[in-house]
Each structure stands twice: as C-alpha cells, then as structure tokens.
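Data from my_file-v4.cif: mmCIF, C-alpha atoms
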data_target
#
loop_
_atom_site.label_atom_id
_atom_site.label_comp_id
_atom_site.auth_asym_id
_atom_site.auth_seq_id
_atom_site.Cartn_x
_atom_site.Cartn_y
_atom_site.Cartn_z
CA MET A 1 299.42 4.92 115.64
CA ARG A 2 302.95 6.02 114.73
CA ALA A 3 303.63 6.10 111.01
CA VAL A 4 306.26 7.39 108.59
CA VAL A 5 304.66 9.30 105.69
CA PHE A 6 305.60 11.92 103.13
CA SER A 7 303.55 14.80 101.72
CA ARG A 8 305.65 15.67 98.67
CA TYR A 9 308.20 13.92 96.50
CA GLY A 10 311.82 14.57 97.35
CA ASP A 11 314.90 13.36 99.20
CA GLU A 12 314.84 11.56 102.54
CA SER A 13 314.16 14.83 104.37
CA VAL A 14 310.50 14.69 103.24
CA LEU A 15 309.87 11.65 105.45
CA GLU A 16 307.88 12.53 108.55
CA LEU A 17 307.19 10.45 111.66
CA THR A 18 303.66 11.31 112.70
CA ARG A 19 300.51 9.87 114.23
CA ARG A 20 297.70 8.61 112.01
CA PRO A 21 294.41 6.81 112.56
CA ALA A 22 294.63 3.03 112.45
CA PRO A 23 293.77 1.64 108.99
CA ALA A 24 290.48 -0.21 108.58
CA PRO A 25 290.68 -3.60 106.85
CA ALA A 26 288.45 -4.10 103.81
CA ASP A 27 286.86 -7.43 102.89
CA GLY A 28 289.57 -10.04 102.46
CA ASP A 29 292.15 -8.06 104.45
CA VAL A 30 293.96 -8.80 107.68
CA LEU A 31 295.19 -6.21 110.17
CA VAL A 32 298.76 -6.79 111.35
CA GLU A 33 300.52 -5.19 114.30
CA VAL A 34 303.87 -4.46 112.67
CA LYS A 35 306.95 -5.53 114.59
CA ALA A 36 309.41 -4.78 111.77
CA ALA A 37 309.34 -3.39 108.22
CA GLY A 38 311.79 -4.16 105.45
CA VAL A 39 313.51 -1.44 103.43
CA ASN A 40 313.91 -1.87 99.65
CA PRO A 41 315.25 0.37 96.86
CA VAL A 42 311.70 0.79 95.57
CA ASP A 43 310.94 2.62 98.83
CA TRP A 44 313.18 5.61 98.10
CA LYS A 45 312.27 5.51 94.40
CA TYR A 46 308.63 5.85 95.47
CA ARG A 47 309.53 8.69 97.82
CA GLU A 48 311.35 10.49 94.99
CA GLY A 49 308.41 10.04 92.59
CA ALA A 50 309.92 7.51 90.19
CA VAL A 51 307.20 5.10 91.33
CA ARG A 52 303.77 6.63 91.89
CA SER A 53 300.34 5.67 93.16
CA ASP A 54 296.94 7.22 92.53
CA LEU A 55 296.39 8.02 96.20
CA PRO A 56 296.53 11.57 97.61
CA PHE A 57 299.25 12.82 99.94
CA PRO A 58 300.26 12.08 102.62
CA LEU A 59 301.45 8.68 101.43
CA GLY A 60 302.52 5.72 103.52
CA MET A 61 305.88 4.04 103.09
CA GLY A 62 307.14 0.49 102.66
CA TRP A 63 305.86 -2.91 101.58
CA ASP A 64 307.51 -5.57 103.79
CA VAL A 65 306.01 -6.42 107.17
CA SER A 66 306.43 -8.99 109.91
CA GLY A 67 304.11 -8.90 112.86
CA VAL A 68 301.09 -10.25 114.71
CA VAL A 69 297.54 -10.61 113.36
CA ARG A 70 295.05 -8.35 115.17
CA ALA A 71 292.00 -8.75 112.87
CA THR A 72 291.36 -11.45 110.29
CA VAL A 73 288.91 -13.01 107.84
CA PRO A 74 287.19 -16.41 107.61
CA GLY A 75 289.78 -18.94 106.51
CA GLY A 76 292.63 -16.54 107.19
CA PRO A 77 295.32 -16.61 109.88
CA ALA A 78 294.15 -16.59 113.48
CA ILE A 79 294.28 -13.51 115.69
CA GLY A 80 297.63 -13.64 117.48
CA ASP A 81 299.40 -15.55 114.70
CA GLU A 82 302.87 -14.34 113.73
CA VAL A 83 302.93 -13.64 109.99
CA TYR A 84 305.00 -11.95 107.33
CA GLY A 85 303.95 -10.56 103.98
CA MET A 86 304.07 -7.91 101.31
CA LEU A 87 301.63 -5.09 100.62
CA PRO A 88 300.58 -4.69 96.96
CA LEU A 89 302.63 -2.23 94.92
CA PRO A 90 302.40 0.74 94.64
CA TYR A 91 300.39 1.25 97.84
CA GLY A 92 302.84 1.60 100.71
CA GLY A 93 301.96 1.27 104.35
CA ALA A 94 304.53 -0.85 106.20
CA TYR A 95 306.41 1.85 108.11
CA GLN A 96 303.65 2.09 110.71
CA GLU A 97 302.39 0.32 113.81
CA LEU A 98 299.38 -1.27 112.08
CA ALA A 99 299.23 -2.41 108.45
CA VAL A 100 296.48 -3.84 106.27
CA LEU A 101 297.33 -6.65 103.85
CA PRO A 102 295.25 -9.02 101.73
CA ALA A 103 294.90 -12.31 103.61
CA SER A 104 296.27 -14.02 100.49
CA ALA A 105 299.50 -11.98 100.81
CA VAL A 106 300.60 -13.24 104.23
CA ALA A 107 302.11 -16.49 105.45
CA PRO A 108 303.30 -17.84 108.80
CA LYS A 109 306.53 -16.21 109.89
CA PRO A 110 309.42 -18.68 109.53
CA ALA A 111 309.95 -20.16 112.97
CA ARG A 112 313.72 -19.73 112.96
CA LEU A 113 313.54 -16.00 112.17
CA THR A 114 312.96 -13.02 114.42
CA HIS A 115 310.48 -10.43 113.22
CA THR A 116 313.35 -8.18 112.09
CA GLU A 117 314.81 -11.02 110.03
CA ALA A 118 311.42 -12.02 108.62
CA ALA A 119 310.67 -8.44 107.52
CA ALA A 120 313.73 -8.65 105.26
CA VAL A 121 312.22 -11.45 103.21
CA PRO A 122 308.91 -10.81 101.39
CA LEU A 123 309.48 -8.33 98.55
CA ALA A 124 313.06 -9.34 97.79
CA ALA A 125 312.56 -13.09 98.05
CA LEU A 126 309.33 -12.98 96.06
CA THR A 127 311.06 -10.93 93.37
CA ALA A 128 313.79 -13.56 93.12
CA TRP A 129 311.26 -16.40 93.19
CA GLN A 130 309.06 -14.89 90.48
CA ALA A 131 312.05 -13.91 88.33
CA LEU A 132 313.43 -17.46 88.38
CA GLU A 133 309.96 -18.85 87.62
CA ALA A 134 309.66 -16.48 84.65
CA ALA A 135 313.09 -17.58 83.43
CA GLY A 136 312.24 -21.26 83.70
CA ALA A 137 315.23 -21.94 85.97
CA LYS A 138 315.86 -25.68 86.39
CA PRO A 139 318.67 -28.15 87.06
CA GLY A 140 321.71 -27.80 84.85
CA LEU A 141 321.07 -24.28 83.57
CA ARG A 142 323.81 -21.69 83.86
CA VAL A 143 322.40 -18.67 85.69
CA LEU A 144 324.09 -15.28 86.14
CA VAL A 145 322.80 -13.00 88.90
CA HIS A 146 323.99 -9.40 88.85
CA ALA A 147 324.55 -7.89 92.33
CA GLY A 148 324.27 -11.27 93.99
CA ALA A 149 324.97 -9.93 97.49
CA GLY A 150 322.07 -7.46 97.46
CA GLY A 151 318.54 -7.86 98.72
CA VAL A 152 317.04 -9.62 95.71
CA GLY A 153 320.39 -11.04 94.60
CA HIS A 154 321.21 -12.96 97.76
CA PHE A 155 317.84 -14.71 97.61
CA ALA A 156 318.12 -15.32 93.85
CA VAL A 157 321.47 -17.09 94.08
CA GLN A 158 320.24 -19.38 96.85
CA LEU A 159 316.94 -20.18 95.16
CA ALA A 160 318.69 -20.85 91.84
CA ARG A 161 321.08 -23.24 93.60
CA HIS A 162 318.10 -24.93 95.27
CA LEU A 163 316.60 -25.44 91.81
CA GLY A 164 319.81 -27.15 90.70
CA ALA A 165 321.26 -24.40 88.51
CA HIS A 166 324.94 -23.58 88.15
CA VAL A 167 325.16 -20.07 89.60
CA THR A 168 327.52 -17.23 88.73
CA ALA A 169 327.04 -13.93 90.56
CA THR A 170 328.69 -10.52 90.57
CA ALA A 171 329.51 -8.51 93.68
CA SER A 172 332.10 -6.16 95.09
CA ALA A 173 335.36 -7.76 96.17
CA ARG A 174 334.39 -7.57 99.86
CA ASN A 175 331.31 -9.73 99.20
CA LEU A 176 332.88 -12.58 97.20
CA ASP A 177 333.38 -14.77 100.26
CA PHE A 178 329.78 -14.05 101.25
CA LEU A 179 328.64 -15.34 97.85
CA ARG A 180 330.70 -18.50 98.33
CA ARG A 181 329.01 -19.09 101.68
CA LEU A 182 325.64 -18.81 99.93
CA GLY A 183 326.69 -21.59 97.54
CA VAL A 184 327.51 -19.53 94.45
CA ASP A 185 329.62 -21.62 92.08
CA GLU A 186 331.46 -18.70 90.49
CA PRO A 187 331.60 -15.42 92.44
CA ILE A 188 332.78 -12.63 90.14
CA ASP A 189 334.28 -9.27 91.12
CA ARG A 190 332.01 -6.82 89.34
CA VAL A 191 334.85 -4.31 88.90
CA THR A 192 337.75 -6.40 87.63
CA ALA A 193 336.29 -9.58 86.12
CA GLU A 194 335.52 -10.19 82.46
CA LEU A 195 332.04 -11.69 82.45
CA ALA A 196 332.32 -12.80 78.85
CA ALA A 197 334.86 -15.39 79.97
CA GLY A 198 332.09 -17.27 81.79
CA ALA A 199 329.51 -16.91 79.04
CA PRO A 200 327.28 -18.05 77.52
CA PHE A 201 324.59 -18.20 80.19
CA ASP A 202 321.12 -19.68 79.90
CA VAL A 203 319.58 -17.08 82.23
CA VAL A 204 320.69 -13.62 83.33
CA LEU A 205 318.92 -11.81 86.18
CA ASP A 206 319.59 -8.08 85.98
CA THR A 207 318.92 -6.46 89.34
CA VAL A 208 320.81 -3.26 88.45
CA GLY A 209 319.62 -1.87 85.11
CA GLY A 210 321.20 0.65 82.73
CA PRO A 211 324.59 -0.44 81.36
CA VAL A 212 324.28 -3.77 83.19
CA GLN A 213 321.16 -4.65 81.22
CA HIS A 214 322.79 -3.50 78.00
CA ALA A 215 325.84 -5.70 78.56
CA SER A 216 323.74 -8.70 79.57
CA TRP A 217 322.34 -9.39 76.11
CA GLY A 218 325.70 -10.50 74.78
CA LEU A 219 326.26 -12.88 77.70
CA LEU A 220 323.34 -15.15 76.77
CA ARG A 221 323.32 -18.18 74.54
CA PRO A 222 320.85 -18.28 71.63
CA GLY A 223 317.53 -19.20 73.20
CA GLY A 224 318.57 -17.76 76.56
CA THR A 225 316.47 -15.56 78.82
CA LEU A 226 317.13 -12.10 80.23
CA ILE A 227 315.04 -11.05 83.22
CA THR A 228 315.26 -7.38 84.13
CA LEU A 229 313.87 -6.13 87.43
CA PRO A 230 314.47 -2.39 88.03
CA GLU A 231 313.44 -1.08 84.61
CA PRO A 232 311.76 -2.10 81.33
CA VAL A 233 313.56 -4.03 78.62
CA ASP A 234 315.60 -1.64 76.47
CA GLU A 235 314.68 -2.72 72.96
CA THR A 236 317.64 -0.81 71.51
CA TYR A 237 319.95 -3.61 72.61
CA ARG A 238 317.73 -6.60 71.79
CA LEU A 239 319.43 -9.53 70.09
CA PRO A 240 317.62 -12.11 67.98
CA GLY A 241 316.96 -15.41 69.67
CA ILE A 242 316.97 -13.97 73.20
CA THR A 243 313.81 -13.92 75.32
CA ALA A 244 313.62 -10.84 77.53
CA ARG A 245 311.01 -9.61 79.96
CA ARG A 246 310.64 -7.43 83.00
CA VAL A 247 309.31 -8.93 86.22
CA ILE A 248 307.44 -6.73 88.70
CA VAL A 249 306.87 -8.48 91.99
CA THR A 250 303.35 -9.24 93.25
CA PRO A 251 302.27 -10.42 96.73
CA ASP A 252 301.94 -14.18 97.07
CA GLY A 253 301.30 -15.78 100.44
CA LYS A 254 301.53 -19.31 99.05
CA ALA A 255 305.02 -18.66 97.68
CA LEU A 256 306.03 -17.05 100.98
CA ARG A 257 304.91 -20.20 102.78
CA ARG A 258 307.17 -22.27 100.51
CA ILE A 259 310.05 -19.81 100.94
CA GLY A 260 309.51 -19.96 104.70
CA THR A 261 309.85 -23.75 104.59
CA LEU A 262 313.20 -23.37 102.80
CA ILE A 263 314.34 -20.84 105.39
CA ASP A 264 313.33 -23.07 108.30
CA SER A 265 315.13 -26.03 106.70
CA GLY A 266 318.35 -24.01 106.49
CA ALA A 267 318.35 -24.06 102.67
CA VAL A 268 317.95 -20.26 102.45
CA HIS A 269 319.82 -17.75 104.60
CA VAL A 270 318.44 -14.26 105.30
CA GLU A 271 321.09 -11.55 105.50
CA VAL A 272 320.26 -8.37 107.43
CA GLN A 273 322.98 -5.71 107.29
CA ALA A 274 321.41 -3.40 109.85
CA VAL A 275 318.29 -2.84 111.92
CA LEU A 276 317.29 0.77 112.58
CA PRO A 277 314.42 2.16 114.66
CA LEU A 278 311.38 3.54 112.84
CA GLU A 279 312.54 7.04 113.78
CA GLU A 280 315.59 6.54 111.53
CA ALA A 281 313.70 5.70 108.33
CA ALA A 282 315.38 8.61 106.54
CA GLU A 283 318.82 7.23 107.43
CA ALA A 284 317.77 3.79 106.15
CA HIS A 285 316.77 5.37 102.83
CA ARG A 286 320.09 7.19 102.61
CA ILE A 287 322.03 3.97 103.19
CA SER A 288 319.87 2.05 100.72
CA LYS A 289 320.36 4.61 97.98
CA GLU A 290 324.14 4.39 98.34
CA GLY A 291 323.74 0.91 96.87
CA ARG A 292 326.25 -1.02 98.96
CA VAL A 293 323.86 -2.95 101.20
CA ARG A 294 324.64 -6.62 101.80
CA GLY A 295 321.28 -8.32 102.06
CA LYS A 296 318.65 -6.05 103.58
CA LEU A 297 317.98 -3.11 105.90
CA VAL A 298 315.09 -3.35 108.37
CA LEU A 299 313.18 -0.89 110.53
CA SER A 300 312.12 -2.08 113.98
CA LEU A 301 308.92 -0.93 115.67
#
Take the structure in this file and express it as structure tokens.
Amino acid sequence: MRAVVFSRYGDESVLELTRRPAPAPADGDVLVEVKAAGVNPVDWKYREGAVRSDLPFPLGMGWDVSGVVRATVPGGPAIGDEVYGMLPLPYGGAYQELAVLPASAVAPKPARLTHTEAAAVPLAALTAWQALEAAGAKPGLRVLVHAGAGGVGHFAVQLARHLGAHVTATASARNLDFLRRLGVDEPIDRVTAELAAGAPFDVVLDTVGGPVQHASWGLLRPGGTLITLPEPVDETYRLPGITARRVIVTPDGKALRRIGTLIDSGAVHVEVQAVLPLEEAAEAHRISKEGRVRGKLVLSL
C-alpha cells in the first residue's frame, strides 16, 4: 500500500511517500480503507519530534481517517460500512491506504459529509468535545475560545453554542464574519481587541499556548476554568480560585456518533480550507505550520 512515513525527525522534507505492507489488525481492531486523512498541528509536531512514540523508525503519520471497513470484529461495523475515526495518540498511521483503528474508536460517517469532509472531524471535534466536557460547559456560561476559526476552535464555538453557552472567540480580522456565521456571540479581532473588556469569563479554551495561556488567567472569574490544549498548564501564572487543566484528546467512537448526529442535523458545520493529494503531505504540513488555516486541511487518497 502507499503510505507517507518519516525515518528521522525534521522539517517537512523528511516525509517520504513509499510502499509498505498492509497493517494487520489486532484483537478489537478494524481495518479501514482510507479515503481521506485529516491534517492537524500535532502531525508536524510529531514529525519534528516534539511529540514522540516508542515505536522504531520509519513512523507513520496522521490520526484522522474516513473510509470503508475492510475487516472487522464481532459487534463492530460491517465490512463495507463507511466510517470515520481517530487513531490513538501518539501512534500515527492515517496517511496511508489502509489503517488499523480500535473498533471503539470509529463511528458511522455522517451521511451529509464526503469522506474528505469527514476526515476533518475526529481529532479536532473530539478535542473540542472533551475540552468542553472537562470545563463543565452548560447553558448560561460565558465561554472564550482562542483561535475560534481554527480546526479545534471552529468545532468548540459551535459545540459551546449547542450547549447553550454565550460564546466569545478570537480570530484574525478576515475570519470574524466566519465566526458570526458559526453563531459566535462576540467575535473578537485577536490583534486589535482588548479581551479584558469582555471579561470575566466562566471558561477559557486556550488552543494556542504560550502568551495566550498566560494572558488567559486574568480573564476568568473566581471559580472559572482554564482548559489548555497544546501545552501543560504553566504554574508560574496560576491565580487562586481558578481551576486549570490540560486536555489531551483520546479516541471515542461513541462521542463521534453523537457529533455525527449534530453534523447531520445541520447544528455543526465542518470547514475544510483545502484538500490536497497524499503526494502533497509535505505541503499540507507547511501550510498547517504557518498557522492561518480556517478549519482543517485534508489529504485525499
């Protein structure tokens, strides 16, 4: 099968399109013929060595898949079913023609989505879902989502609105209208706006890290919750009375089934900025690292 792998850590030039033996499913796994694979920032971080696994080189790439079941388990999806799902971190293997996933990690592909659209969903939407669960998001809370037009962000703002929260989100000026279309109550230009004017918030989702996390502490009310996604909580900036935790996404087929229902109902929109062929995985990484992606990038197989 065709697969994108890398044999040393480095920039996008280390990615190699090659041929590898088809993976063999273990007990509890399904084998999926991959039609499309999502691209996430964790992909290039893994390629650079910031995220590591205990497997030997060459290493597979990617965690988001949408495709067709080719081998299954008792009680799992049927052969021929269209599914989408997320491989467990940190073991990549989505940028290839056949992928192995735990049966518990896949769900029926949303009917209204193509495979390329569905591949944009799992890791980012599950991250948003699990972050909002960890924060206890509920009706009436004031939620701030940093980088609300990005992969995780654009799902987080929609899911928070679905839960009944009042949503503020930051983005570049070109994406403010996009945030309004997603139902964001207060779109904020991340460059020119003064976030403190909208504070205090009950929940802040930091999808950026660094100075954004540091500034987020002071935007929360006493008893509020800071959820950080790209990096651990920086205890240097901790304020008393604020709950803070990092959320690292885990596969969850049941949650993906519920997210798929929201997508099929029209309650959640999936934004795909661009679809590139598998051969252009390096270009997808380059674009992703620039950090100006609206929604998601996807590789088609």
Sorted by chain and rising residue number, which residues of region 254-295 of chain A lie within 12 Å of region 163-173 of chain A, and what are their closest atom pairs and distances in Å to one decimal, counting all atoms listed in the file, as a Markdown table?
| residue | atom | partner | partner_atom | distance |
| --- | --- | --- | --- | --- |
| A:Leu262 | CA | A:Leu163 | CA | 11.7 |
| A:Ala267 | CA | A:Leu163 | CA | 11.1 |
| A:Val268 | CA | A:Leu163 | CA | 11.9 |
| A:Gly291 | CA | A:Ser172 | CA | 11.1 |
| A:Arg292 | CA | A:Ser172 | CA | 8.7 |
| A:Val293 | CA | A:Ser172 | CA | 10.7 |
| A:Arg294 | CA | A:Ala171 | CA | 9.7 |
| A:Gly295 | CA | A:Ala171 | CA | 11.7 |
Open item on the list: Show me, as an MDAnalysis selection string, the residues that have an atom within 12 Å of Pro41 (chain A) when counting only C-alpha atoms, minus same-chain residues fewer than 5 positions from it.
Closed with: chainID A and resid 46:48 50:51 61:64 123:124 150:152 207:208 229:230 284:293 295:297
Open item on the list: For the PyMOL selection byres ((chain A and resi 113) around 12), applied here, can you spell out every residue it catches as a ChimeraX atom specification?
Closed with: /A:36,66-67,82-84,108-112,114-121,260-266,268-272
Task: Selection dump of the PyMOL selection byres ((chain A and resi 95) around 8), as a PyMOL selection string - done: chain A and resi 3-4+37+60-62+93-94+96-97+278+299
Task: Result set, the PyMOL selection byres ((chain A and resi 143) around 12) on current file, as a VMD selection string - done: chain A and resid 131 to 132 135 to 142 144 to 146 148 153 156 to 161 163 to 170 184 to 187 198 to 206 216 219 to 221 224 to 227
TODO: Between A:Leu55, A:Ala215, A:Pro74, A:Val68, single out the one closest to Gly92 (chain A), counting all atoms listed in the file.
DONE: A:Leu55
Per residue of region 94-197 of chain A within 8 Å of region 14-31 of chain A, what are the shortest atom pair and its distance in Å to one decimal, counting only C-alpha atoms, with rows by chain and residue number, as JSON lines?
{"residue": "A:Leu98", "atom": "CA", "partner": "A:Ala22", "partner_atom": "CA", "distance": 6.4}
{"residue": "A:Ala99", "atom": "CA", "partner": "A:Leu31", "partner_atom": "CA", "distance": 5.8}
{"residue": "A:Val100", "atom": "CA", "partner": "A:Leu31", "partner_atom": "CA", "distance": 4.7}
{"residue": "A:Leu101", "atom": "CA", "partner": "A:Asp29", "partner_atom": "CA", "distance": 5.4}
{"residue": "A:Pro102", "atom": "CA", "partner": "A:Asp29", "partner_atom": "CA", "distance": 4.2}
{"residue": "A:Ala103", "atom": "CA", "partner": "A:Asp29", "partner_atom": "CA", "distance": 5.1}
Atoms kept (C-alpha atoms) for selection, written as a short mmCIF file (atom, residue, chain, number, x, y, z; two decimals), in the coordinates of the input:
data_model
loop_
_atom_site.label_atom_id
_atom_site.label_comp_id
_atom_site.auth_asym_id
_atom_site.auth_seq_id
_atom_site.Cartn_x
_atom_site.Cartn_y
_atom_site.Cartn_z
CA LEU A 98 299.38 -1.27 112.08
CA ALA A 99 299.23 -2.41 108.45
CA VAL A 100 296.48 -3.84 106.27
CA LEU A 101 297.33 -6.65 103.85
CA PRO A 102 295.25 -9.02 101.73
CA ALA A 103 294.90 -12.31 103.61
#
- [ ] Would you mind reading off the distance between CA of Gly75 (chain A) and CA of Pro122 (chain A), one decimal, in Å?
- [x] 21.4 Å
Task: Pairwise distance for CA of Gly210 (chain A) and CA of Gly38 (chain A), rounded to one decimal in Å - done: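 Result for CA of Gly210 (chain A) versus CA of Gly38 (chain A): 25.1 Å, one decimal.
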- [ ] Figure out the distance between CA of Leu276 (chain A) and CA of Val39 (chain A), please, to one decimal in Å.
- [x]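 Going from CA of Val39 (chain A) over to CA of Leu276 (chain A), I get 10.1 Å.
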TODO: For each of A:Asp177, A:Glu33, A:Asp43, A:Glu231, take the minimum atom-to-atom distance to Ala281 (chain A), counting all atoms listed in the file, then give the residue where this is smallest.
DONE: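 The shortest atom-to-atom distance to Ala281 (chain A) comes from A:Asp43.
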